[in-house]
Amino acid sequence: MSATPSTGTILFDAVEAERTDSIEFDDWHGNDHLGALGRLLPGAIERRYASAPRASMTSIFELGVNAPTTEQVLSIERDTAPLAQDRERFLAYPLSTQHRPNANNWIEARIAYPVFFAVPRQEAGEFNDWYEQEHLGILFGCASWLACRRFQIVDAHPRGWTHLALHYLADASALRSPERTTARSTPWRARLALSPWFKGDYRVLHRLA
């Protein structure tokens with residue numbers, strides 16, 4: 001397992017669509033929605049993902065040192081989008097980046113696997129220690145588990161999430177691997193899982209562009 005400096009703040013933008021055969025949502029998302037974000041974020045690098053179960057489109061923008069303010073981010077498109085059931089947008093600030101040795105270009109992986117937690121402030125120290133000192137080391141035993149970037153969501157979030165672990169996978173089979181089963185079965189994790197806040201939100205996102 002190797003550690004590298006975090007690549008900086010990201011903007012996480014996800015939109016869930018109503019299930020329909022109309023192209024109205026695609027037209028709005030590809031032109032109006034992403035166009036507005038592009039004008040706010042000149043020079044940002046976008047990676048785009050889709051989730052069939054959630055009927056969602058997600059863009060993760062790499063902002064570097066020129067991150068906008070939360071007010072600027074949330075000011076875009078306050079009106080209702082065509083056929084959009086839910087929208088989620090927030091800035092996330094880097095805590096750490098770790099990856100498997102020789103996992104070159106992991107950031108372009110086919111699958112992004114974001115995991116969200118709402119961690120009480122008094123529990124954040126142990127939560128971070130568990131993730132960094134135990135959990136990731138076990139997961140990286142799987143050859144398809146390429147990297148993990150951990151972020152803190154500082155500003156108010158509509159679902160209350162405070163921490164984001166953004167995993168990069170070469171293949172979805174990593175989620176069925178013995179290493180993941182082991183990582184989710186340790187005494188340390190079992191103790192944390194007794195707390196109501198420990199229940200996370202897990203998403204599997206497939207890379208589009």
# chains A, B, ... in the order shown; residues from 1 in each chain; ligands from 1
call {"tool": "residues_around", "arguments": {"residues": "Thr162 in chain A", "least_positions_apart": "4", "cutoff": "8 Å", "atoms": "only C-alpha atoms", "output": "list in words"}}
result
Phe116, Phe117, Ala118, Val119, Gln152, Ile153, Val154 and His157 of chain A
call {"tool": "residues_around", "arguments": {"residues": "Glu108 in chain A", "least_positions_apart": "2", "cutoff": "10 Å", "atoms": "only C-alpha atoms", "output": "list of chain:residue names"}}
result
A:Arg47, A:Asn104, A:Asn105, A:Trp106, A:Arg110, A:Ile111, A:Ala112, A:Tyr168, A:Leu169, A:Ala170, A:Arg207, A:Ala209
call {"tool": "write_last_selection", "arguments": {"atoms": "C-alpha atoms", "output": "PDB file, in the first residue's frame"}}
result
ATOM      1  CA  ARG A  47     -14.928  12.377 -14.676  1.00  0.00           C
ATOM      2  CA  ASN A 104      -0.707   3.201 -12.271  1.00  0.00           C
ATOM      3  CA  ASN A 105      -3.362   5.676 -13.411  1.00  0.00           C
ATOM      4  CA  TRP A 106      -5.826   4.396 -10.827  1.00  0.00           C
ATOM      5  CA  ARG A 110     -13.616   1.816 -14.660  1.00  0.00           C
ATOM      6  CA  ILE A 111     -15.520   1.894 -11.388  1.00  0.00           C
ATOM      7  CA  ALA A 112     -15.740   4.497  -8.638  1.00  0.00           C
ATOM      8  CA  TYR A 168     -11.315   3.126  -7.338  1.00  0.00           C
ATOM      9  CA  LEU A 169     -11.842  -0.428  -8.600  1.00  0.00           C
ATOM     10  CA  ALA A 170     -10.534  -2.179 -11.686  1.00  0.00           C
ATOM     11  CA  ARG A 207     -17.150   5.370 -15.725  1.00  0.00           C
ATOM     12  CA  ALA A 209     -16.060   9.832 -19.647  1.00  0.00           C
TER      13      ALA A 209
END
call {"tool": "atom_distance", "arguments": {"atom1": "CA of Met57 in chain A", "atom2": "CA of Ala109 in chain A"}}
result
16.8 Å
call {"tool": "residues_around", "arguments": {"residues": "range 33-43 of chain A", "least_positions_apart": "5", "cutoff": "10 Å", "atoms": "only C-alpha atoms", "output": "list of chain:residue names"}}
result
A:Leu11, A:Asp13, A:Val15, A:Phe25, A:Asp26, A:Asp27, A:Trp28, A:Ser59, A:Phe61, A:Glu62, A:Leu63, A:Gly64, A:Asn66, A:Ala67, A:Pro68, A:Gln72, A:Val73, A:Ile76, A:Glu77, A:Ala81
call {"tool": "closest_residue", "arguments": {"among": "A:Phe90, A:Phe12, A:Tyr113, A:Tyr49", "to": "Tyr202 in chain A", "atoms": "only C-alpha atoms"}}
result
A:Tyr113
call {"tool": "select_by_dssp", "arguments": {"residues": "chain A", "states": "strand (DSSP E)", "output": "PyMOL selection string"}}
result
chain A and resi 2-4+9-17+45-51+56-64+84-99+111-117+145-152+163-169+201-202+205-207
call {"tool": "residues_around", "arguments": {"residues": "range 189-200 of chain A", "least_positions_apart": "4", "cutoff": "9 Å", "atoms": "only C-alpha atoms", "output": "PyMOL selection string"}}
result
chain A and resi 115-120+126-127+130+135+161+183-185
call {"tool": "write_last_selection", "arguments": {"atoms": "C-alpha atoms", "output": "tab-separated table (two decimals), in the first residue's frame"}}
result
chain	number	residue	atom	x	y	z
A	115	VAL	CA	-19.01	5.37	0.53
A	116	PHE	CA	-20.57	8.06	2.72
A	117	PHE	CA	-20.76	8.28	6.51
A	118	ALA	CA	-22.21	10.80	8.96
A	119	VAL	CA	-19.58	10.66	11.70
A	120	PRO	CA	-20.11	12.56	14.96
A	126	GLU	CA	-11.29	6.52	15.87
A	127	PHE	CA	-13.22	6.28	12.60
A	130	TRP	CA	-9.85	2.37	11.70
A	135	HIS	CA	-9.68	-1.27	6.75
A	161	TRP	CA	-22.75	13.07	5.42
A	183	ALA	CA	-12.40	-6.13	5.99
A	184	ARG	CA	-16.06	-6.04	7.04
A	185	SER	CA	-15.67	-8.80	9.66
call {"tool": "decode", "arguments": {"residues": "range 117-154 of chain A", "atoms": "N, CA and C atoms", "output": "PDB file, in the first residue's frame"}}
result
ATOM      1  N   PHE A 117     -20.417   8.460   5.104  1.00  0.00           N
ATOM      2  CA  PHE A 117     -20.760   8.276   6.507  1.00  0.00           C
ATOM      3  C   PHE A 117     -21.071   9.630   7.132  1.00  0.00           C
ATOM      4  N   ALA A 118     -21.944   9.621   8.135  1.00  0.00           N
ATOM      5  CA  ALA A 118     -22.209  10.800   8.961  1.00  0.00           C
ATOM      6  C   ALA A 118     -21.577  10.531  10.324  1.00  0.00           C
ATOM      7  N   VAL A 119     -20.360  11.002  10.510  1.00  0.00           N
ATOM      8  CA  VAL A 119     -19.576  10.659  11.695  1.00  0.00           C
ATOM      9  C   VAL A 119     -19.663  11.794  12.716  1.00  0.00           C
ATOM     10  N   PRO A 120     -20.128  11.520  13.934  1.00  0.00           N
ATOM     11  CA  PRO A 120     -20.111  12.556  14.964  1.00  0.00           C
ATOM     12  C   PRO A 120     -18.682  13.034  15.227  1.00  0.00           C
ATOM     13  N   ARG A 121     -18.553  14.301  15.549  1.00  0.00           N
ATOM     14  CA  ARG A 121     -17.217  14.884  15.714  1.00  0.00           C
ATOM     15  C   ARG A 121     -16.379  14.116  16.735  1.00  0.00           C
ATOM     16  N   GLN A 122     -17.009  13.698  17.826  1.00  0.00           N
ATOM     17  CA  GLN A 122     -16.254  13.011  18.877  1.00  0.00           C
ATOM     18  C   GLN A 122     -15.832  11.605  18.468  1.00  0.00           C
ATOM     19  N   GLU A 123     -16.393  11.074  17.380  1.00  0.00           N
ATOM     20  CA  GLU A 123     -16.051   9.727  16.912  1.00  0.00           C
ATOM     21  C   GLU A 123     -15.101   9.756  15.714  1.00  0.00           C
ATOM     22  N   ALA A 124     -14.823  10.939  15.184  1.00  0.00           N
ATOM     23  CA  ALA A 124     -14.063  11.033  13.931  1.00  0.00           C
ATOM     24  C   ALA A 124     -12.649  10.484  14.066  1.00  0.00           C
ATOM     25  N   GLY A 125     -12.007  10.685  15.217  1.00  0.00           N
ATOM     26  CA  GLY A 125     -10.633  10.219  15.387  1.00  0.00           C
ATOM     27  C   GLY A 125     -10.518   8.714  15.244  1.00  0.00           C
ATOM     28  N   GLU A 126     -11.359   7.985  15.961  1.00  0.00           N
ATOM     29  CA  GLU A 126     -11.294   6.525  15.874  1.00  0.00           C
ATOM     30  C   GLU A 126     -11.747   6.033  14.505  1.00  0.00           C
ATOM     31  N   PHE A 127     -12.766   6.673  13.940  1.00  0.00           N
ATOM     32  CA  PHE A 127     -13.224   6.279  12.601  1.00  0.00           C
ATOM     33  C   PHE A 127     -12.091   6.415  11.597  1.00  0.00           C
ATOM     34  N   ASN A 128     -11.372   7.528  11.616  1.00  0.00           N
ATOM     35  CA  ASN A 128     -10.260   7.728  10.685  1.00  0.00           C
ATOM     36  C   ASN A 128      -9.137   6.724  10.933  1.00  0.00           C
ATOM     37  N   ASP A 129      -8.856   6.452  12.196  1.00  0.00           N
ATOM     38  CA  ASP A 129      -7.804   5.473  12.517  1.00  0.00           C
ATOM     39  C   ASP A 129      -8.170   4.096  11.981  1.00  0.00           C
ATOM     40  N   TRP A 130      -9.407   3.683  12.198  1.00  0.00           N
ATOM     41  CA  TRP A 130      -9.846   2.374  11.695  1.00  0.00           C
ATOM     42  C   TRP A 130      -9.712   2.294  10.182  1.00  0.00           C
ATOM     43  N   TYR A 131     -10.157   3.328   9.500  1.00  0.00           N
ATOM     44  CA  TYR A 131     -10.111   3.302   8.043  1.00  0.00           C
ATOM     45  C   TYR A 131      -8.676   3.240   7.536  1.00  0.00           C
ATOM     46  N   GLU A 132      -7.815   4.067   8.112  1.00  0.00           N
ATOM     47  CA  GLU A 132      -6.446   4.183   7.623  1.00  0.00           C
ATOM     48  C   GLU A 132      -5.553   3.032   8.097  1.00  0.00           C
ATOM     49  N   GLN A 133      -5.718   2.607   9.327  1.00  0.00           N
ATOM     50  CA  GLN A 133      -4.791   1.648   9.920  1.00  0.00           C
ATOM     51  C   GLN A 133      -5.191   0.198   9.707  1.00  0.00           C
ATOM     52  N   GLU A 134      -6.479  -0.069   9.485  1.00  0.00           N
ATOM     53  CA  GLU A 134      -6.912  -1.456   9.326  1.00  0.00           C
ATOM     54  C   GLU A 134      -7.659  -1.697   8.017  1.00  0.00           C
ATOM     55  N   HIS A 135      -8.717  -0.956   7.802  1.00  0.00           N
ATOM     56  CA  HIS A 135      -9.676  -1.275   6.747  1.00  0.00           C
ATOM     57  C   HIS A 135      -9.033  -1.265   5.361  1.00  0.00           C
ATOM     58  N   LEU A 136      -8.330  -0.186   5.029  1.00  0.00           N
ATOM     59  CA  LEU A 136      -7.765  -0.085   3.685  1.00  0.00           C
ATOM     60  C   LEU A 136      -6.667  -1.113   3.444  1.00  0.00           C
ATOM     61  N   GLY A 137      -5.883  -1.402   4.456  1.00  0.00           N
ATOM     62  CA  GLY A 137      -4.827  -2.386   4.282  1.00  0.00           C
ATOM     63  C   GLY A 137      -5.365  -3.742   3.882  1.00  0.00           C
ATOM     64  N   ILE A 138      -6.504  -4.135   4.435  1.00  0.00           N
ATOM     65  CA  ILE A 138      -7.114  -5.411   4.077  1.00  0.00           C
ATOM     66  C   ILE A 138      -7.691  -5.352   2.669  1.00  0.00           C
ATOM     67  N   LEU A 139      -8.386  -4.267   2.338  1.00  0.00           N
ATOM     68  CA  LEU A 139      -8.998  -4.142   1.011  1.00  0.00           C
ATOM     69  C   LEU A 139      -7.957  -4.192  -0.093  1.00  0.00           C
ATOM     70  N   PHE A 140      -6.791  -3.579   0.146  1.00  0.00           N
ATOM     71  CA  PHE A 140      -5.754  -3.559  -0.885  1.00  0.00           C
ATOM     72  C   PHE A 140      -5.101  -4.924  -1.104  1.00  0.00           C
ATOM     73  N   GLY A 141      -5.480  -5.903  -0.316  1.00  0.00           N
ATOM     74  CA  GLY A 141      -5.063  -7.263  -0.611  1.00  0.00           C
ATOM     75  C   GLY A 141      -5.724  -7.812  -1.860  1.00  0.00           C
ATOM     76  N   CYS A 142      -6.816  -7.196  -2.277  1.00  0.00           N
ATOM     77  CA  CYS A 142      -7.499  -7.573  -3.523  1.00  0.00           C
ATOM     78  C   CYS A 142      -6.852  -6.832  -4.686  1.00  0.00           C
ATOM     79  N   ALA A 143      -6.438  -7.560  -5.704  1.00  0.00           N
ATOM     80  CA  ALA A 143      -5.712  -6.953  -6.826  1.00  0.00           C
ATOM     81  C   ALA A 143      -6.547  -5.929  -7.575  1.00  0.00           C
ATOM     82  N   SER A 144      -7.865  -6.030  -7.515  1.00  0.00           N
ATOM     83  CA  SER A 144      -8.730  -5.097  -8.243  1.00  0.00           C
ATOM     84  C   SER A 144      -9.095  -3.863  -7.427  1.00  0.00           C
ATOM     85  N   TRP A 145      -8.659  -3.824  -6.144  1.00  0.00           N
ATOM     86  CA  TRP A 145      -8.932  -2.644  -5.303  1.00  0.00           C
ATOM     87  C   TRP A 145      -7.732  -1.709  -5.446  1.00  0.00           C
ATOM     88  N   LEU A 146      -7.876  -0.703  -6.310  1.00  0.00           N
ATOM     89  CA  LEU A 146      -6.717   0.068  -6.749  1.00  0.00           C
ATOM     90  C   LEU A 146      -6.331   1.210  -5.817  1.00  0.00           C
ATOM     91  N   ALA A 147      -7.316   1.950  -5.325  1.00  0.00           N
ATOM     92  CA  ALA A 147      -6.994   3.163  -4.567  1.00  0.00           C
ATOM     93  C   ALA A 147      -8.189   3.608  -3.751  1.00  0.00           C
ATOM     94  N   CYS A 148      -7.906   4.485  -2.796  1.00  0.00           N
ATOM     95  CA  CYS A 148      -8.977   5.123  -2.022  1.00  0.00           C
ATOM     96  C   CYS A 148      -8.555   6.538  -1.664  1.00  0.00           C
ATOM     97  N   ARG A 149      -9.426   7.475  -1.953  1.00  0.00           N
ATOM     98  CA  ARG A 149      -9.232   8.868  -1.546  1.00  0.00           C
ATOM     99  C   ARG A 149     -10.275   9.176  -0.486  1.00  0.00           C
ATOM    100  N   ARG A 150      -9.825   9.722   0.635  1.00  0.00           N
ATOM    101  CA  ARG A 150     -10.749  10.036   1.715  1.00  0.00           C
ATOM    102  C   ARG A 150     -10.907  11.545   1.828  1.00  0.00           C
ATOM    103  N   PHE A 151     -12.157  11.960   2.027  1.00  0.00           N
ATOM    104  CA  PHE A 151     -12.504  13.381   2.066  1.00  0.00           C
ATOM    105  C   PHE A 151     -13.378  13.675   3.271  1.00  0.00           C
ATOM    106  N   GLN A 152     -13.338  14.947   3.683  1.00  0.00           N
ATOM    107  CA  GLN A 152     -14.267  15.461   4.678  1.00  0.00           C
ATOM    108  C   GLN A 152     -15.208  16.438   3.991  1.00  0.00           C
ATOM    109  N   ILE A 153     -16.482  16.297   4.301  1.00  0.00           N
ATOM    110  CA  ILE A 153     -17.496  17.216   3.783  1.00  0.00           C
ATOM    111  C   ILE A 153     -17.757  18.228   4.894  1.00  0.00           C
ATOM    112  N   VAL A 154     -17.204  19.415   4.724  1.00  0.00           N
ATOM    113  CA  VAL A 154     -17.201  20.392   5.812  1.00  0.00           C
ATOM    114  C   VAL A 154     -18.515  21.151   5.895  1.00  0.00           C
TER     115      VAL A 154
END
